[in-house]
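Novice: My structure is stored as entry.pdb, with PDB, C-alpha atoms (C1' of nucleotides).
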```pdb
MODEL        1
ATOM      1  CA  MET A   9     112.497  74.606  76.351
ATOM      2  CA  PRO A  10     110.157  75.167  73.483
ATOM      3  CA  GLU A  11     109.795  78.516  71.812
ATOM      4  CA  LEU A  12     107.500  79.258  68.903
ATOM      5  CA  PRO A  13     109.364  77.159  66.302
ATOM      6  CA  GLU A  14     109.421  74.117  68.569
ATOM      7  CA  VAL A  15     105.724  74.468  69.357
ATOM      8  CA  GLU A  16     104.928  74.936  65.674
ATOM      9  CA  THR A  17     107.021  71.875  64.819
ATOM     10  CA  THR A  18     105.045  69.911  67.385
ATOM     11  CA  ARG A  19     101.765  71.263  66.006
ATOM     12  CA  SER A  20     102.446  70.309  62.430
ATOM     13  CA  GLY A  21     103.721  66.926  63.577
ATOM     14  CA  ILE A  22     100.672  65.910  65.580
ATOM     15  CA  ALA A  23      97.932  67.535  63.473
ATOM     16  CA  PRO A  24      97.776  64.941  60.661
ATOM     17  CA  TYR A  25      97.422  62.135  63.194
ATOM     18  CA  ILE A  26      94.683  63.598  65.353
ATOM     19  CA  GLU A  27      92.618  65.944  63.187
ATOM     20  CA  ASN A  28      89.163  64.471  62.529
ATOM     21  CA  GLN A  29      89.875  61.703  65.025
ATOM     22  CA  GLN A  30      87.529  60.888  67.881
ATOM     23  CA  VAL A  31      88.811  60.748  71.448
ATOM     24  CA  LYS A  32      88.179  57.376  73.036
ATOM     25  CA  GLN A  33      89.929  57.666  76.380
ATOM     26  CA  VAL A  34      91.894  60.134  78.497
ATOM     27  CA  VAL A  35      94.478  58.803  80.938
ATOM     28  CA  ILE A  36      95.849  61.216  83.530
ATOM     29  CA  ARG A  37      98.665  59.850  85.669
ATOM     30  CA  ASP A  38      99.628  63.130  87.305
ATOM     31  CA  SER A  39      97.547  66.281  87.118
ATOM     32  CA  ARG A  40     100.044  68.456  89.059
ATOM     33  CA  LEU A  41     101.218  70.700  86.255
ATOM     34  CA  ARG A  42     101.627  74.487  86.415
ATOM     35  CA  TRP A  43      97.901  74.514  87.004
ATOM     36  CA  PRO A  44      96.051  71.323  87.876
ATOM     37  CA  ILE A  45      94.721  69.606  84.779
ATOM     38  CA  THR A  46      91.020  70.442  84.331
ATOM     39  CA  ASP A  47      88.841  68.227  86.523
ATOM     40  CA  ASN A  48      87.019  65.402  84.775
ATOM     41  CA  LEU A  49      88.849  66.067  81.528
ATOM     42  CA  ASP A  50      87.883  62.601  80.342
ATOM     43  CA  GLU A  51      84.177  63.449  80.587
ATOM     44  CA  LYS A  52      84.744  66.646  78.650
ATOM     45  CA  LEU A  53      86.907  65.173  75.917
ATOM     46  CA  CYS A  54      85.708  61.603  75.378
ATOM     47  CA  GLY A  55      83.599  61.181  72.271
ATOM     48  CA  LYS A  56      84.660  64.556  70.849
ATOM     49  CA  ILE A  57      86.336  64.900  67.489
ATOM     50  CA  ILE A  58      89.426  67.104  67.152
ATOM     51  CA  GLN A  59      88.427  69.441  64.336
ATOM     52  CA  SER A  60      91.780  71.146  64.008
ATOM     53  CA  VAL A  61      95.050  71.870  65.806
ATOM     54  CA  SER A  62      96.195  75.479  65.861
ATOM     55  CA  ARG A  63      98.752  77.515  67.762
ATOM     56  CA  ARG A  64      98.510  80.825  69.597
ATOM     57  CA  ALA A  65     101.786  82.046  71.055
ATOM     58  CA  LYS A  66     103.335  78.946  72.632
ATOM     59  CA  TYR A  67      99.979  77.297  73.248
ATOM     60  CA  LEU A  68      98.623  74.433  71.162
ATOM     61  CA  LEU A  69      94.861  74.522  70.684
ATOM     62  CA  LEU A  70      92.957  71.316  69.977
ATOM     63  CA  HIS A  71      89.540  72.444  68.790
ATOM     64  CA  THR A  72      86.316  70.472  69.109
ATOM     65  CA  THR A  73      82.796  71.675  68.356
ATOM     66  CA  GLU A  74      82.085  72.057  72.068
ATOM     67  CA  GLY A  75      85.302  73.373  73.523
ATOM     68  CA  THR A  76      89.054  73.554  73.198
ATOM     69  CA  LEU A  77      91.875  71.695  74.879
ATOM     70  CA  PHE A  78      94.887  73.945  75.188
ATOM     71  CA  ILE A  79      98.350  72.731  75.999
ATOM     72  CA  HIS A  80     101.504  74.589  76.989
ATOM     73  CA  LEU A  81     104.825  72.740  76.998
ATOM     74  CA  GLY A  82     106.439  74.942  79.632
ATOM     75  CA  MET A  83     110.207  74.404  79.803
ATOM     76  CA  SER A  84     110.422  70.644  79.449
ATOM     77  CA  GLY A  85     107.106  69.537  77.972
ATOM     78  CA  ARG A  86     106.806  67.317  74.963
ATOM     79  CA  LEU A  87     104.022  65.746  72.898
ATOM     80  CA  ARG A  88     104.449  62.498  71.026
ATOM     81  CA  ILE A  89     102.336  60.400  68.737
ATOM     82  CA  LEU A  90     102.389  56.702  69.580
ATOM     83  CA  THR A  91     101.171  54.353  66.899
ATOM     84  CA  ALA A  92     101.956  51.269  68.954
ATOM     85  CA  PHE A  93     101.659  50.656  72.663
ATOM     86  CA  GLN A  94     104.541  51.779  74.815
ATOM     87  CA  PRO A  95     104.538  51.536  78.594
ATOM     88  CA  ALA A  96     104.277  54.912  80.309
ATOM     89  CA  GLU A  97     107.446  56.150  81.936
ATOM     90  CA  LYS A  98     108.089  58.396  84.894
ATOM     91  CA  HIS A  99     107.081  61.761  83.450
ATOM     92  CA  ASP A 100     104.411  60.622  81.002
ATOM     93  CA  HIS A 101     101.547  62.484  82.655
ATOM     94  CA  VAL A 102      98.740  62.345  80.091
ATOM     95  CA  ASP A 103      97.613  60.060  77.255
ATOM     96  CA  ILE A 104      94.805  60.997  74.888
ATOM     97  CA  VAL A 105      93.717  57.814  73.161
ATOM     98  CA  PHE A 106      91.822  58.033  69.873
ATOM     99  CA  ALA A 107      89.285  55.656  68.371
ATOM    100  CA  ASN A 108      91.892  54.408  65.898
ATOM    101  CA  ASP A 109      94.224  53.594  68.845
ATOM    102  CA  ILE A 110      96.645  56.399  68.109
ATOM    103  CA  ILE A 111      97.880  57.913  71.369
ATOM    104  CA  LEU A 112      98.885  61.536  71.969
ATOM    105  CA  ARG A 113     101.233  61.408  74.961
ATOM    106  CA  PHE A 114     102.206  64.438  77.065
ATOM    107  CA  THR A 115     105.510  64.220  78.930
ATOM    108  CA  ASP A 116     106.922  66.924  81.187
ATOM    109  CA  PRO A 117     109.651  66.323  83.789
ATOM    110  CA  ARG A 118     109.559  69.791  85.330
ATOM    111  CA  ARG A 119     105.767  70.086  85.206
ATOM    112  CA  PHE A 120     105.780  73.748  84.170
ATOM    113  CA  GLY A 121     103.417  72.863  81.342
ATOM    114  CA  ALA A 122      99.630  73.047  81.252
ATOM    115  CA  VAL A 123      96.753  70.950  79.941
ATOM    116  CA  LEU A 124      93.483  72.850  80.244
ATOM    117  CA  TRP A 125      89.984  72.694  78.823
ATOM    118  CA  THR A 126      87.755  75.634  78.028
ATOM    119  CA  SER A 127      84.249  75.621  76.577
ATOM    120  CA  GLU A 128      84.496  79.354  75.840
ATOM    121  CA  PRO A 129      86.246  80.779  72.771
ATOM    122  CA  PRO A 130      89.845  79.943  73.702
ATOM    123  CA  LEU A 131      91.295  83.323  72.788
ATOM    124  CA  GLN A 132      89.097  84.866  75.472
ATOM    125  CA  HIS A 133      90.598  82.687  78.174
ATOM    126  CA  PRO A 134      92.483  84.746  80.786
ATOM    127  CA  LEU A 135      95.751  83.032  79.873
ATOM    128  CA  LEU A 136      95.404  83.998  76.217
ATOM    129  CA  ASN A 137      93.439  87.214  76.033
ATOM    130  CA  HIS A 138      96.256  89.571  77.013
ATOM    131  CA  LEU A 139      98.804  88.257  74.524
ATOM    132  CA  GLY A 140     100.466  90.482  71.949
ATOM    133  CA  PRO A 141     100.561  89.879  68.194
ATOM    134  CA  GLU A 142     102.007  86.823  66.510
ATOM    135  CA  PRO A 143     105.538  87.602  65.303
ATOM    136  CA  LEU A 144     104.839  86.140  61.872
ATOM    137  CA  GLY A 145     101.601  88.060  61.464
ATOM    138  CA  GLU A 146     101.180  91.229  59.402
ATOM    139  CA  ASP A 147     100.219  93.288  62.420
ATOM    140  CA  PHE A 148     103.684  92.783  63.897
ATOM    141  CA  ASP A 149     105.616  95.401  61.964
ATOM    142  CA  ALA A 150     108.267  98.059  62.542
ATOM    143  CA  GLU A 151     105.756 100.815  63.222
ATOM    144  CA  TYR A 152     104.079  98.705  65.900
ATOM    145  CA  LEU A 153     107.335  97.755  67.633
ATOM    146  CA  PHE A 154     108.662 101.294  67.459
ATOM    147  CA  GLN A 155     105.522 102.813  68.975
ATOM    148  CA  ARG A 156     105.237 100.217  71.729
ATOM    149  CA  SER A 157     108.880 100.682  72.704
ATOM    150  CA  ARG A 158     108.554 104.422  73.349
ATOM    151  CA  LYS A 159     109.225 105.309  77.003
ATOM    152  CA  ARG A 160     110.032 101.705  77.901
ATOM    153  CA  GLN A 161     113.090 101.544  80.137
ATOM    154  CA  VAL A 162     113.822  97.818  79.935
ATOM    155  CA  SER A 163     116.524  96.415  77.692
ATOM    156  CA  ILE A 164     115.458  95.580  74.153
ATOM    157  CA  LYS A 165     116.129  91.886  74.814
ATOM    158  CA  THR A 166     113.798  91.794  77.790
ATOM    159  CA  PHE A 167     111.304  93.868  75.788
ATOM    160  CA  ILE A 168     110.986  91.463  72.858
ATOM    161  CA  MET A 169     110.641  88.534  75.254
ATOM    162  CA  ASN A 170     107.560  90.186  76.800
ATOM    163  CA  ALA A 171     104.538  88.272  75.492
ATOM    164  CA  GLU A 172     102.345  91.345  75.789
ATOM    165  CA  ILE A 173     104.551  93.005  73.184
ATOM    166  CA  VAL A 174     105.045  90.050  70.859
ATOM    167  CA  VAL A 175     104.581  86.356  71.546
ATOM    168  CA  GLY A 176     106.780  83.392  70.774
ATOM    169  CA  VAL A 177     110.218  85.001  71.093
ATOM    170  CA  GLY A 178     112.019  83.075  73.824
ATOM    171  CA  ASN A 179     115.559  83.110  75.101
ATOM    172  CA  ILE A 180     117.245  81.547  72.072
ATOM    173  CA  TYR A 181     115.543  83.535  69.355
ATOM    174  CA  ALA A 182     115.774  86.830  71.225
ATOM    175  CA  SER A 183     119.593  86.632  71.214
ATOM    176  CA  GLU A 184     119.622  85.380  67.626
ATOM    177  CA  SER A 185     117.330  88.109  66.309
ATOM    178  CA  LEU A 186     119.320  90.849  68.029
ATOM    179  CA  PHE A 187     122.526  89.530  66.504
ATOM    180  CA  LEU A 188     120.982  89.414  63.042
ATOM    181  CA  SER A 189     119.797  92.986  63.358
ATOM    182  CA  ALA A 190     123.130  94.144  64.873
ATOM    183  CA  ILE A 191     121.463  95.538  67.996
ATOM    184  CA  HIS A 192     123.110  95.359  71.421
ATOM    185  CA  PRO A 193     120.878  93.379  73.803
ATOM    186  CA  GLN A 194     121.304  95.975  76.564
ATOM    187  CA  LEU A 195     119.994  98.856  74.453
ATOM    188  CA  ILE A 196     117.148 100.574  76.307
ATOM    189  CA  ALA A 197     113.953  99.855  74.378
ATOM    190  CA  ALA A 198     113.001 103.550  74.320
ATOM    191  CA  LYS A 199     116.213 104.301  72.421
ATOM    192  CA  LEU A 200     115.451 101.943  69.567
ATOM    193  CA  THR A 201     115.437 103.919  66.329
ATOM    194  CA  LYS A 202     112.867 103.459  63.600
ATOM    195  CA  LYS A 203     115.525 101.930  61.404
ATOM    196  CA  GLN A 204     116.525  99.475  64.135
ATOM    197  CA  ALA A 205     112.881  98.545  64.644
ATOM    198  CA  GLU A 206     112.665  97.689  60.964
ATOM    199  CA  LYS A 207     115.763  95.526  61.115
ATOM    200  CA  LEU A 208     114.675  93.830  64.321
ATOM    201  CA  VAL A 209     111.193  92.947  63.104
ATOM    202  CA  ALA A 210     112.646  91.524  59.897
ATOM    203  CA  ALA A 211     115.238  89.573  61.902
ATOM    204  CA  ILE A 212     112.656  88.084  64.251
ATOM    205  CA  LYS A 213     110.496  86.940  61.362
ATOM    206  CA  LEU A 214     113.414  85.504  59.408
ATOM    207  CA  THR A 215     114.898  83.733  62.431
ATOM    208  CA  LEU A 216     111.613  82.127  63.404
ATOM    209  CA  GLU A 217     110.793  81.093  59.846
ATOM    210  CA  LYS A 218     114.178  79.471  59.358
ATOM    211  CA  ALA A 219     113.944  77.724  62.715
ATOM    212  CA  ILE A 220     110.506  76.342  61.838
ATOM    213  CA  ALA A 221     111.871  75.129  58.509
ATOM    214  CA  ALA A 222     114.667  73.331  60.386
ATOM    215  CA  GLY A 223     112.228  71.697  62.783
ATOM    216  CA  GLY A 224     113.251  73.815  65.765
ATOM    217  CA  THR A 225     116.375  73.902  67.917
ATOM    218  CA  THR A 226     117.528  70.915  69.954
ATOM    219  CA  LEU A 227     120.109  71.910  72.559
ATOM    220  CA  ARG A 228     119.524  69.102  74.993
ATOM    221  CA  ASP A 229     116.112  67.559  74.950
ATOM    222  CA  PHE A 230     113.677  69.028  72.440
ATOM    223  CA  ARG A 231     112.153  66.322  70.270
ATOM    224  CA  ASP A 232     109.417  66.573  67.675
ATOM    225  CA  SER A 233     106.263  64.460  67.734
ATOM    226  CA  GLU A 234     108.155  61.554  66.194
ATOM    227  CA  GLY A 235     111.023  61.793  68.662
ATOM    228  CA  LYS A 236     113.458  63.451  66.272
ATOM    229  CA  PRO A 237     115.582  66.501  67.178
ATOM    230  CA  GLY A 238     115.385  69.876  65.432
ATOM    231  CA  TYR A 239     118.326  70.991  63.331
ATOM    232  CA  PHE A 240     118.449  74.741  63.896
ATOM    233  CA  ALA A 241     121.209  74.494  66.526
ATOM    234  CA  GLN A 242     123.822  74.360  63.784
ATOM    235  CA  GLU A 243     122.485  77.621  62.368
ATOM    236  CA  LEU A 244     122.713  79.562  65.637
ATOM    237  CA  TRP A 245     124.895  82.655  65.425
ATOM    238  CA  VAL A 246     125.402  83.330  69.124
ATOM    239  CA  TYR A 247     123.226  81.245  71.449
ATOM    240  CA  ALA A 248     125.281  78.928  73.674
ATOM    241  CA  ARG A 249     128.442  79.992  71.793
ATOM    242  CA  GLN A 250     130.152  82.004  74.568
ATOM    243  CA  LYS A 251     133.926  82.340  74.113
ATOM    244  CA  GLN A 252     133.673  80.901  70.616
ATOM    245  CA  GLY A 253     134.433  83.086  67.610
ATOM    246  CA  CYS A 254     131.654  85.132  66.060
ATOM    247  CA  LYS A 255     130.713  83.526  62.753
ATOM    248  CA  GLN A 256     130.741  86.978  61.174
ATOM    249  CA  CYS A 257     133.797  88.745  62.615
ATOM    250  CA  GLY A 258     135.700  86.266  64.765
ATOM    251  CA  HIS A 259     135.429  88.157  68.064
ATOM    252  CA  PRO A 260     134.552  85.935  71.035
ATOM    253  CA  ILE A 261     130.839  85.712  71.769
ATOM    254  CA  GLU A 262     129.982  87.109  75.190
ATOM    255  CA  LEU A 263     127.592  85.722  77.783
ATOM    256  CA  ILE A 264     125.801  88.113  80.130
ATOM    257  CA  ARG A 265     122.737  87.890  82.382
ATOM    258  CA  GLN A 266     119.616  89.944  81.783
ATOM    259  CA  SER A 267     116.549  89.456  83.956
ATOM    260  CA  GLN A 268     118.193  86.304  85.266
ATOM    261  CA  ARG A 269     118.402  84.798  81.799
ATOM    262  CA  ALA A 270     121.478  84.137  79.698
ATOM    263  CA  THR A 271     122.066  86.510  76.796
ATOM    264  CA  TYR A 272     124.644  85.888  74.090
ATOM    265  CA  PHE A 273     125.965  88.537  71.732
ATOM    266  CA  CYS A 274     128.953  89.699  69.740
ATOM    267  CA  PRO A 275     130.408  92.889  71.248
ATOM    268  CA  TYR A 276     131.890  93.858  67.893
ATOM    269  CA  CYS A 277     128.878  93.254  65.637
ATOM    270  CA  GLN A 278     126.377  94.561  68.178
ATOM    271  CA  LYS A 279     127.414  98.004  69.390
ATOM    272  CA  ILE A 280     125.184  99.920  71.754
TER     273      ILE A 280
ATOM    274  C1'  DA B  20     101.583 101.570  84.032
ATOM    275  C1'  DC B  21     105.958  99.763  84.421
ATOM    276  C1'  DA B  22     109.996  97.254  86.351
ATOM    277  C1'  DT B  23     112.033  93.717  89.251
ATOM    278  C1'  DT B  24     112.172  89.500  91.707
ATOM    279  C1'  DG B  25     110.736  85.108  93.357
ATOM    280  C1'  DA B  26     108.295  81.016  92.566
ATOM    281  C1'  DC B  27     107.094  76.768  90.444
ATOM    282  C1'  DC B  28     109.914  71.668  89.362
ATOM    283  C1'  DT B  29     113.327  67.913  87.877
ATOM    284  C1'  DG B  30     117.566  66.353  85.829
ATOM    285  C1'  DG B  31     122.104  66.878  84.060
ATOM    286  C1'  DG B  32     126.719  68.471  84.150
ATOM    287  C1'  DA B  33     130.767  70.687  86.418
ATOM    288  C1'  DG B  34     133.753  70.833  90.158
ATOM    289  C1'  DC B  35     135.569  69.100  94.339
TER     290       DC B  35
ATOM    291  C1'  DT C  14     131.562  57.350  93.234
ATOM    292  C1'  DG C  15     129.150  60.790  95.395
ATOM    293  C1'  DC C  16     127.997  65.189  97.068
ATOM    294  C1'  DT C  17     126.845  70.203  96.217
ATOM    295  C1'  DC C  18     125.961  73.834  93.321
ATOM    296  C1'  DC C  19     124.378  75.903  89.204
ATOM    297  C1'  DC C  20     121.975  75.834  85.044
ATOM    298  C1'  DA C  21     118.018  75.014  81.745
ATOM    299  C1'  DG C  22     113.836  76.569  74.975
ATOM    300  C1'  DG C  23     108.605  79.812  80.369
ATOM    301  C1'  DT C  24     105.719  82.979  82.543
ATOM    302  C1'  DC C  25     102.738  84.207  86.285
ATOM    303  C1'  DA C  26     102.082  86.551  90.842
ATOM    304  C1'  DA C  27     103.617  89.582  94.223
ATOM    305  C1'  DT C  28     106.003  93.717  95.334
ATOM    306  C1'  DG C  29     107.821  98.381  94.819
TER     307       DG C  29
ENDMDL
END
```
Show this structure as structure tokens.

Specialist:
Amino acid sequence: MPELPEVETTRSGIAPYIENQQVKQVVIRDSRLRWPITDNLDEKLCGKIIQSVSRRAKYLLLHTTEGTLFIHLGMSGRLRILTAFQPAEKHDHVDIVFANDIILRFTDPRRFGAVLWTSEPPLQHPLLNHLGPEPLGEDFDAEYLFQRSRKRQVSIKTFIMNAEIVVGVGNIYASESLFLSAIHPQLIAAKLTKKQAEKLVAAIKLTLEKAIAAGGTTLRDFRDSEGKPGYFAQELWVYARQKQGCKQCGHPIELIRQSQRATYFCPYCQKI
DNA sequence: ACATTGACCTGGGAGC
DNA sequence: TGCTCCCAGGTCAATG
């Protein structure tokens, strides 16, 4: 469920509550996530102070002086700050309790998420070290995207969702960015022109920035760290709008499948 | 190296 | 009401 804007919304929501706070207790109710939660996480984390909370791709990194806890929300994961006790429910798998009694609670019905500890520099971890540039970073530019797309035979939509090319662009924002840049999602990546690369990079950055500003997109169950939904859904041009009129030209939005994922686009605004 | 597909899970909604 | 089927904001591993 969460793409970069939702993860960033979660990051900025939890950071003020847990930065510079000392971990008092770790409660693990179910360690069966995408990978088993690191053994003896309580021993590793208890007594440590969270120096800062950062984000790399869709991972949240909780830094201490002796290691880093990194968390992925998968498709249905969620982090909440509890300032008063609440009984744990069915999918509340992990609580990190701080010395001031604030609780960071990880919930994940589908258990595609991850909660892992590393004492190495986190960006060198095998799950992180192969990732492409951040979409909002300066190194993600038209020249980069154009060069990387040469000779690539996948569709441009599949291409920009490849985390080795650029991270953070998930199923919603891929369709949205392609609409904004007027590029057909089935265009072969190798056929992207330099001009289209410029428009697409700008569209990805703008879409993600606006979604972050709106607190992410809530279609069904995304909630921020305080339990509130994101408001970007009302700004979506095409996603989940099949058969409805294009907000730009009125033609019905089409729904197709690419790599087993739904893609939405306007056949009039986005010609191949 | 690149492309495609299956796998991991649970819950909700549509259709019968 | 209840059953079955399909779908879902991700991404890794296995296979050509």

Novice: What is the CA of Ala205 (chain A)-CA of Glu146 (chain A) distance in Å, reported with one decimal?

Specialist: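 So the two atoms, CA of Ala205 (chain A) and CA of Glu146 (chain A), lie 14.8 Å apart.
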
Novice: Identify all residues satisfying the PyMOL selection byres ((chain C) within 9 of (chain A)) in the given file; provide them as a PDB file with C-alpha atoms (C1' of nucleotides), in the coordinates of the input.

Specialist:
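The result, written out as result35.pdb:
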```pdb
ATOM      1  C1'  DA C  21     118.018  75.014  81.745  1.00  0.00           C
ATOM      2  C1'  DG C  22     113.836  76.569  74.975  1.00  0.00           C
ATOM      3  C1'  DG C  23     108.605  79.812  80.369  1.00  0.00           C
ATOM      4  C1'  DT C  24     105.719  82.979  82.543  1.00  0.00           C
TER       5       DT C  24
END
```

Novice: Going by the chain IDs and residue numbers used in this file, which residues fall under the PyMOL selection byres ((chain A) within 9 of (chain B))? Write them as a list in words.

Specialist: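 Evaluating the PyMOL selection byres ((chain A) within 9 of (chain B)) on this file yields Arg42, Pro117, Arg118, Arg119, Phe120, Arg160, Gln161, Val162 and Ser267 of chain A.
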
Novice: Between CA of Arg19 (chain A) and CA of Ile58 (chain A), what is the distance in Å, rounded to a tenth?

Specialist: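 So the answer is 13.1 Å.
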
Novice: Using CA of Val105 (chain A) and CA of Gln33 (chain A) as the two end points, give the distance in Å to one decimal.

Specialist: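 Separation of CA of Val105 (chain A) and CA of Gln33 (chain A): 5.0 Å.
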
Novice: Show me, as a tab-separated table, the residues of region 145-172 of chain A having an atom within 8 Å of region 186-193 of chain A, each with the closest atom pair and its distance in Å, using all atoms listed in the file.

Specialist:
```
residue	atom	partner	partner_atom	distance
A:Ser163	CA	A:Pro193	CA	6.6
A:Ile164	CA	A:Pro193	CA	5.9
A:Lys165	CA	A:Pro193	CA	5.1
```

Novice: Leaving out Glu27 (chain A) and any residue of its chain fewer than 4 positions from it, which residues lie within 9 Å of it when counting all atoms listed in the file, given as a list of chain:residue names?

Specialist: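 Near Glu27 (chain A), the qualifying residues are A:Ile22, A:Ala23, A:Ile57, A:Ile58, A:Gln59, A:Ser60, A:Val61, A:Leu70.
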
Novice: Convert the output of the PyMOL selection byres ((chain A and resi 144) around 10) on the shown file into explicit residues, formatted as an MDAnalysis selection string.

Specialist: chainID A and resid 141:143 145:149 174:176 209:210 212:214 216:217

Novice: In the coordinates of the file, take the point (106.5, 58.6, 83.1) and a cut-off of 10 Å; then, counting all atoms listed in the file, name each qualifying protein, DNA or RNA residue as a PyMOL selection string.

Specialist: chain A and resi 37-38+95-102+114-117

Novice: Which is closer to His71 (chain A) than all the others in A:Leu131, A:Leu195, A:Met169, A:Ile110, using all atoms listed in the file?

Specialist: A:Leu131

Novice: Can you put N, CA and C atoms back into region 110-133 of chain A and show it as a PDB file, in the coordinates of the input?

Specialist:
```
ATOM      1  N   ILE A 110      95.510  55.469  68.026  1.00  0.00           N
ATOM      2  CA  ILE A 110      96.645  56.399  68.109  1.00  0.00           C
ATOM      3  C   ILE A 110      96.626  57.052  69.496  1.00  0.00           C
ATOM      4  N   ILE A 111      97.802  57.269  70.057  1.00  0.00           N
ATOM      5  CA  ILE A 111      97.880  57.913  71.369  1.00  0.00           C
ATOM      6  C   ILE A 111      98.692  59.202  71.261  1.00  0.00           C
ATOM      7  N   LEU A 112      98.138  60.287  71.809  1.00  0.00           N
ATOM      8  CA  LEU A 112      98.885  61.536  71.969  1.00  0.00           C
ATOM      9  C   LEU A 112      99.362  61.562  73.416  1.00  0.00           C
ATOM     10  N   ARG A 113     100.676  61.520  73.606  1.00  0.00           N
ATOM     11  CA  ARG A 113     101.233  61.408  74.961  1.00  0.00           C
ATOM     12  C   ARG A 113     101.951  62.692  75.365  1.00  0.00           C
ATOM     13  N   PHE A 114     101.594  63.222  76.530  1.00  0.00           N
ATOM     14  CA  PHE A 114     102.206  64.438  77.065  1.00  0.00           C
ATOM     15  C   PHE A 114     103.195  64.065  78.161  1.00  0.00           C
ATOM     16  N   THR A 115     104.423  64.518  77.995  1.00  0.00           N
ATOM     17  CA  THR A 115     105.510  64.220  78.930  1.00  0.00           C
ATOM     18  C   THR A 115     106.109  65.536  79.404  1.00  0.00           C
ATOM     19  N   ASP A 116     106.392  65.651  80.697  1.00  0.00           N
ATOM     20  CA  ASP A 116     106.922  66.924  81.187  1.00  0.00           C
ATOM     21  C   ASP A 116     107.619  66.772  82.541  1.00  0.00           C
ATOM     22  N   PRO A 117     108.932  66.536  82.532  1.00  0.00           N
ATOM     23  CA  PRO A 117     109.651  66.323  83.789  1.00  0.00           C
ATOM     24  C   PRO A 117     109.482  67.460  84.805  1.00  0.00           C
ATOM     25  N   ARG A 118     109.597  68.688  84.356  1.00  0.00           N
ATOM     26  CA  ARG A 118     109.559  69.791  85.330  1.00  0.00           C
ATOM     27  C   ARG A 118     108.140  70.227  85.698  1.00  0.00           C
ATOM     28  N   ARG A 119     107.183  69.789  84.944  1.00  0.00           N
ATOM     29  CA  ARG A 119     105.767  70.086  85.206  1.00  0.00           C
ATOM     30  C   ARG A 119     105.442  71.583  85.221  1.00  0.00           C
ATOM     31  N   PHE A 120     106.142  72.344  84.365  1.00  0.00           N
ATOM     32  CA  PHE A 120     105.780  73.748  84.170  1.00  0.00           C
ATOM     33  C   PHE A 120     104.718  73.893  83.081  1.00  0.00           C
ATOM     34  N   GLY A 121     104.381  72.822  82.438  1.00  0.00           N
ATOM     35  CA  GLY A 121     103.417  72.863  81.342  1.00  0.00           C
ATOM     36  C   GLY A 121     101.989  72.948  81.845  1.00  0.00           C
ATOM     37  N   ALA A 122     101.052  72.945  80.892  1.00  0.00           N
ATOM     38  CA  ALA A 122      99.630  73.047  81.252  1.00  0.00           C
ATOM     39  C   ALA A 122      98.790  72.271  80.251  1.00  0.00           C
ATOM     40  N   VAL A 123      97.745  71.640  80.773  1.00  0.00           N
ATOM     41  CA  VAL A 123      96.753  70.950  79.941  1.00  0.00           C
ATOM     42  C   VAL A 123      95.396  71.364  80.479  1.00  0.00           C
ATOM     43  N   LEU A 124      94.713  72.238  79.733  1.00  0.00           N
ATOM     44  CA  LEU A 124      93.483  72.850  80.244  1.00  0.00           C
ATOM     45  C   LEU A 124      92.374  72.805  79.197  1.00  0.00           C
ATOM     46  N   TRP A 125      91.157  72.727  79.689  1.00  0.00           N
ATOM     47  CA  TRP A 125      89.984  72.694  78.823  1.00  0.00           C
ATOM     48  C   TRP A 125      89.184  73.972  79.019  1.00  0.00           C
ATOM     49  N   THR A 126      88.697  74.521  77.907  1.00  0.00           N
ATOM     50  CA  THR A 126      87.755  75.634  78.028  1.00  0.00           C
ATOM     51  C   THR A 126      86.615  75.433  77.051  1.00  0.00           C
ATOM     52  N   SER A 127      85.393  75.716  77.493  1.00  0.00           N
ATOM     53  CA  SER A 127      84.249  75.621  76.577  1.00  0.00           C
ATOM     54  C   SER A 127      83.906  76.991  75.995  1.00  0.00           C
ATOM     55  N   GLU A 128      84.668  78.008  76.418  1.00  0.00           N
ATOM     56  CA  GLU A 128      84.496  79.354  75.840  1.00  0.00           C
ATOM     57  C   GLU A 128      85.423  79.466  74.621  1.00  0.00           C
ATOM     58  N   PRO A 129      85.261  80.540  73.841  1.00  0.00           N
ATOM     59  CA  PRO A 129      86.246  80.779  72.771  1.00  0.00           C
ATOM     60  C   PRO A 129      87.638  80.874  73.407  1.00  0.00           C
ATOM     61  N   PRO A 130      88.575  80.051  72.981  1.00  0.00           N
ATOM     62  CA  PRO A 130      89.845  79.943  73.702  1.00  0.00           C
ATOM     63  C   PRO A 130      90.631  81.246  73.782  1.00  0.00           C
ATOM     64  N   LEU A 131      90.516  82.083  72.766  1.00  0.00           N
ATOM     65  CA  LEU A 131      91.295  83.323  72.788  1.00  0.00           C
ATOM     66  C   LEU A 131      90.789  84.297  73.839  1.00  0.00           C
ATOM     67  N   GLN A 132      89.613  84.015  74.403  1.00  0.00           N
ATOM     68  CA  GLN A 132      89.097  84.866  75.472  1.00  0.00           C
ATOM     69  C   GLN A 132      89.506  84.364  76.845  1.00  0.00           C
ATOM     70  N   HIS A 133      90.155  83.221  76.881  1.00  0.00           N
ATOM     71  CA  HIS A 133      90.598  82.687  78.174  1.00  0.00           C
ATOM     72  C   HIS A 133      91.617  83.645  78.791  1.00  0.00           C
TER      73      HIS A 133
END
```
